[in-house]
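A short write-up of the structure that comes next.
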Amino acid sequence: VQLQASGGGLVPSGGSLNLSCAGSGSIFGINLMGWYRQAPGKQREMVAQRGSLGSTNYADSVKGRFTISRDNAKNTVYLQMSSLKPEDTAVYYCNLQQRGVGYWGQGTQVTVSS
């Protein structure tokens, strides 16, 4: 399984940014795709997840500002980020979990300037 993330960049506080992550390889129909992030000096944390059957889970810090969606046919997950804050600055990692195994993408930098 390979995950290719894209869409990071530099955005001013209050701005918006969209991330996408395309999966390839042996991806099964039932899985969980999502986004994690890691800021300098901090642990990696879950941002948002979406199951292949539609369930969603968001970190409290992003609820109401971020929206996760996915295209199951393309094995692609998206993250729409709005009202961005400087504390959202981090490397964002795409994640896929299936059959008890987790996979990670290469990470994409999101920087929010104050």
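Please note that chains go A, B, ... in the order of the structure tokens, that every chain numbers its residues from 1, and that ligands are numbered from 1 in the order shown.
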Problem set entry | Per-residue DSSP, chain A, filtered to strand (DSSP E or B), as a count of residues only | 65
Problem set entry | Near-A:Pro12 list (7 Å; only C-alpha atoms; drop same-chain fewer than 3 positions) as a ChimeraX atom specification | /A:15,112-114
Keeping all heavy atoms for every residue in the selection just given, could you write it to a file as a PDB file, in the first residue's frame?
```
ATOM      1  N   GLY A  15      -7.184  31.614   6.784  1.00  0.00           N
ATOM      2  CA  GLY A  15      -7.296  31.120   5.421  1.00  0.00           C
ATOM      3  C   GLY A  15      -7.728  29.668   5.335  1.00  0.00           C
ATOM      4  O   GLY A  15      -8.037  29.031   6.352  1.00  0.00           O
ATOM      5  N   VAL A 112       0.737  27.977   8.876  1.00  0.00           N
ATOM      6  CA  VAL A 112      -0.231  29.059   8.997  1.00  0.00           C
ATOM      7  C   VAL A 112       0.463  30.239   9.648  1.00  0.00           C
ATOM      8  O   VAL A 112       0.914  30.146  10.798  1.00  0.00           O
ATOM      9  CB  VAL A 112      -1.454  28.633   9.820  1.00  0.00           C
ATOM     10  CG1 VAL A 112      -2.495  29.758   9.844  1.00  0.00           C
ATOM     11  CG2 VAL A 112      -2.070  27.358   9.258  1.00  0.00           C
ATOM     12  N   SER A 113       0.553  31.333   8.917  1.00  0.00           N
ATOM     13  CA  SER A 113       1.242  32.510   9.440  1.00  0.00           C
ATOM     14  C   SER A 113       0.275  33.378  10.240  1.00  0.00           C
ATOM     15  O   SER A 113      -0.901  33.498   9.895  1.00  0.00           O
ATOM     16  CB  SER A 113       1.848  33.311   8.297  1.00  0.00           C
ATOM     17  OG  SER A 113       0.831  33.745   7.415  1.00  0.00           O
ATOM     18  N   SER A 114       0.817  33.997  11.274  1.00  0.00           N
ATOM     19  CA  SER A 114      -0.043  34.838  12.132  1.00  0.00           C
ATOM     20  C   SER A 114      -0.097  36.270  11.629  1.00  0.00           C
ATOM     21  O   SER A 114       0.648  36.664  10.750  1.00  0.00           O
ATOM     22  CB  SER A 114       0.477  34.797  13.566  1.00  0.00           C
ATOM     23  OG  SER A 114       1.821  35.215  13.609  1.00  0.00           O
TER      24      SER A 114
END
```
For this session: List the neighbours of stretch 28-44 of chain A out to 6 Å using only C-alpha atoms; skip same-chain residues closer than 6 positions along the sequence, and give me the result as a PyMOL selection string.
Result: chain A and resi 50-52+90-98
Next, the residues of the selection above should be written as a compact mmCIF listing (two decimals), in the first residue's frame with all heavy atoms.
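And here is the file that came out, selection20.txt:
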```txt
# COMPACT_ATOMS: atom_id res chain seq x y z
N ARG A 50 -12.13 9.01 8.43
CA ARG A 50 -13.40 8.67 7.79
C ARG A 50 -13.36 7.21 7.37
O ARG A 50 -12.44 6.80 6.65
CB ARG A 50 -13.69 9.55 6.59
CG ARG A 50 -15.11 9.37 6.05
CD ARG A 50 -15.43 10.37 4.97
NE ARG A 50 -16.78 10.18 4.44
CZ ARG A 50 -17.81 10.92 4.78
NH1 ARG A 50 -17.66 11.91 5.65
NH2 ARG A 50 -19.00 10.69 4.27
N GLY A 51 -14.33 6.47 7.80
CA GLY A 51 -14.42 5.08 7.43
C GLY A 51 -15.00 4.90 6.04
O GLY A 51 -15.66 5.80 5.50
N SER A 52 -14.75 3.76 5.47
CA SER A 52 -15.24 3.49 4.12
C SER A 52 -16.77 3.42 4.07
O SER A 52 -17.36 3.56 3.01
CB SER A 52 -14.63 2.19 3.58
OG SER A 52 -14.79 1.14 4.52
N ALA A 90 1.83 22.28 11.09
CA ALA A 90 2.36 20.95 11.37
C ALA A 90 2.63 20.24 10.05
O ALA A 90 2.25 20.72 8.98
CB ALA A 90 1.35 20.13 12.18
N VAL A 91 3.27 19.10 10.16
CA VAL A 91 3.34 18.19 9.02
C VAL A 91 2.12 17.28 9.12
O VAL A 91 1.88 16.67 10.17
CB VAL A 91 4.63 17.36 9.03
CG1 VAL A 91 4.63 16.36 7.87
CG2 VAL A 91 5.86 18.26 8.95
N TYR A 92 1.37 17.23 8.06
CA TYR A 92 0.15 16.43 8.03
C TYR A 92 0.43 15.11 7.30
O TYR A 92 0.97 15.11 6.18
CB TYR A 92 -0.97 17.21 7.33
CG TYR A 92 -1.57 18.28 8.21
CD1 TYR A 92 -0.82 19.40 8.58
CD2 TYR A 92 -2.86 18.16 8.71
CE1 TYR A 92 -1.36 20.37 9.42
CE2 TYR A 92 -3.41 19.12 9.54
CZ TYR A 92 -2.65 20.22 9.89
OH TYR A 92 -3.18 21.19 10.73
N TYR A 93 0.03 14.04 7.93
CA TYR A 93 0.26 12.70 7.40
C TYR A 93 -1.05 12.02 7.09
O TYR A 93 -1.98 12.01 7.91
CB TYR A 93 1.04 11.85 8.40
CG TYR A 93 2.42 12.33 8.71
CD1 TYR A 93 2.68 13.21 9.76
CD2 TYR A 93 3.51 11.90 7.94
CE1 TYR A 93 3.95 13.64 10.04
CE2 TYR A 93 4.79 12.33 8.22
CZ TYR A 93 5.01 13.21 9.26
OH TYR A 93 6.29 13.64 9.54
N CYS A 94 -1.09 11.41 5.93
CA CYS A 94 -2.22 10.58 5.55
C CYS A 94 -2.05 9.20 6.18
O CYS A 94 -0.92 8.70 6.28
CB CYS A 94 -2.27 10.48 4.04
SG CYS A 94 -3.57 9.45 3.38
N ASN A 95 -3.15 8.60 6.58
CA ASN A 95 -3.09 7.30 7.24
C ASN A 95 -4.22 6.40 6.73
O ASN A 95 -5.33 6.88 6.47
CB ASN A 95 -3.23 7.49 8.75
CG ASN A 95 -3.34 6.18 9.51
OD1 ASN A 95 -4.43 5.70 9.82
ND2 ASN A 95 -2.20 5.60 9.83
N LEU A 96 -3.89 5.14 6.55
CA LEU A 96 -4.89 4.14 6.19
C LEU A 96 -4.76 2.97 7.14
O LEU A 96 -3.65 2.50 7.38
CB LEU A 96 -4.72 3.68 4.74
CG LEU A 96 -5.74 2.66 4.22
CD1 LEU A 96 -6.04 2.89 2.76
CD2 LEU A 96 -5.27 1.22 4.43
N GLN A 97 -5.88 2.51 7.65
CA GLN A 97 -5.88 1.35 8.54
C GLN A 97 -6.83 0.30 7.96
O GLN A 97 -7.98 0.61 7.65
CB GLN A 97 -6.34 1.75 9.93
CG GLN A 97 -5.43 2.77 10.61
CD GLN A 97 -5.94 3.22 11.94
OE1 GLN A 97 -6.59 2.46 12.66
NE2 GLN A 97 -5.68 4.47 12.30
N GLN A 98 -6.33 -0.90 7.81
CA GLN A 98 -7.15 -2.00 7.33
C GLN A 98 -6.62 -3.32 7.86
O GLN A 98 -5.40 -3.51 7.92
CB GLN A 98 -7.20 -2.03 5.79
CG GLN A 98 -5.86 -2.22 5.11
CD GLN A 98 -5.99 -2.26 3.59
OE1 GLN A 98 -6.99 -1.85 3.01
NE2 GLN A 98 -4.95 -2.75 2.93
```
Exercise. What is the atom CA of A:Asn57 to atom CA of A:Asp71 distance in Å?
Worked result: 16.7 Å
Seminar exercise, completed: note - atom CA of A:Leu3 and atom CA of A:Trp104 are separated by 6.5 Å
Seminar exercise, completed: In terms of only C-alpha atoms, the residue from A:Gly64, A:Gly105, A:Gly54, A:Pro86 at minimal distance from A:Ala5 is A:Gly105
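Here atom CA of A:Thr56 stands at a distance of 18.4 Å from atom CA of A:Gly23.
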Problem set entry | Counting only C-alpha atoms, the residue of A:Arg65, A:Lys85, A:Arg70, A:Arg99 that sits nearest A:Gly14 |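 Of all the options, A:Lys85 lies closest to A:Gly14.
When DSSP reads the backbone of this structure, the residues of chain A it assigns to helix (DSSP H, G or I) are A:Asn72, A:Ala73, A:Lys74, A:Pro86, A:Glu87, A:Asp88.
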Exercise. Counting only C-alpha atoms, what is within 12 Å of A:Asp60, bar same-chain residues fewer than 2 positions away, as a ChimeraX atom specification?
Worked result: /A:45-48,57-58,62-66
Exercise. So, counting only C-alpha atoms, which residue among A:Leu53, A:Cys21, A:Val101, A:Val110 is closest to A:Lys74?
Worked result: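 Nearest candidate to A:Lys74 out of A:Leu53, A:Cys21, A:Val101, A:Val110: A:Cys21.
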Exercise. Between A:Ser61, A:Ser6, A:Gln49, A:Ser82, which has the minimum distance to A:Gln109 (counting only C-alpha atoms)?
Worked result: A:Ser6
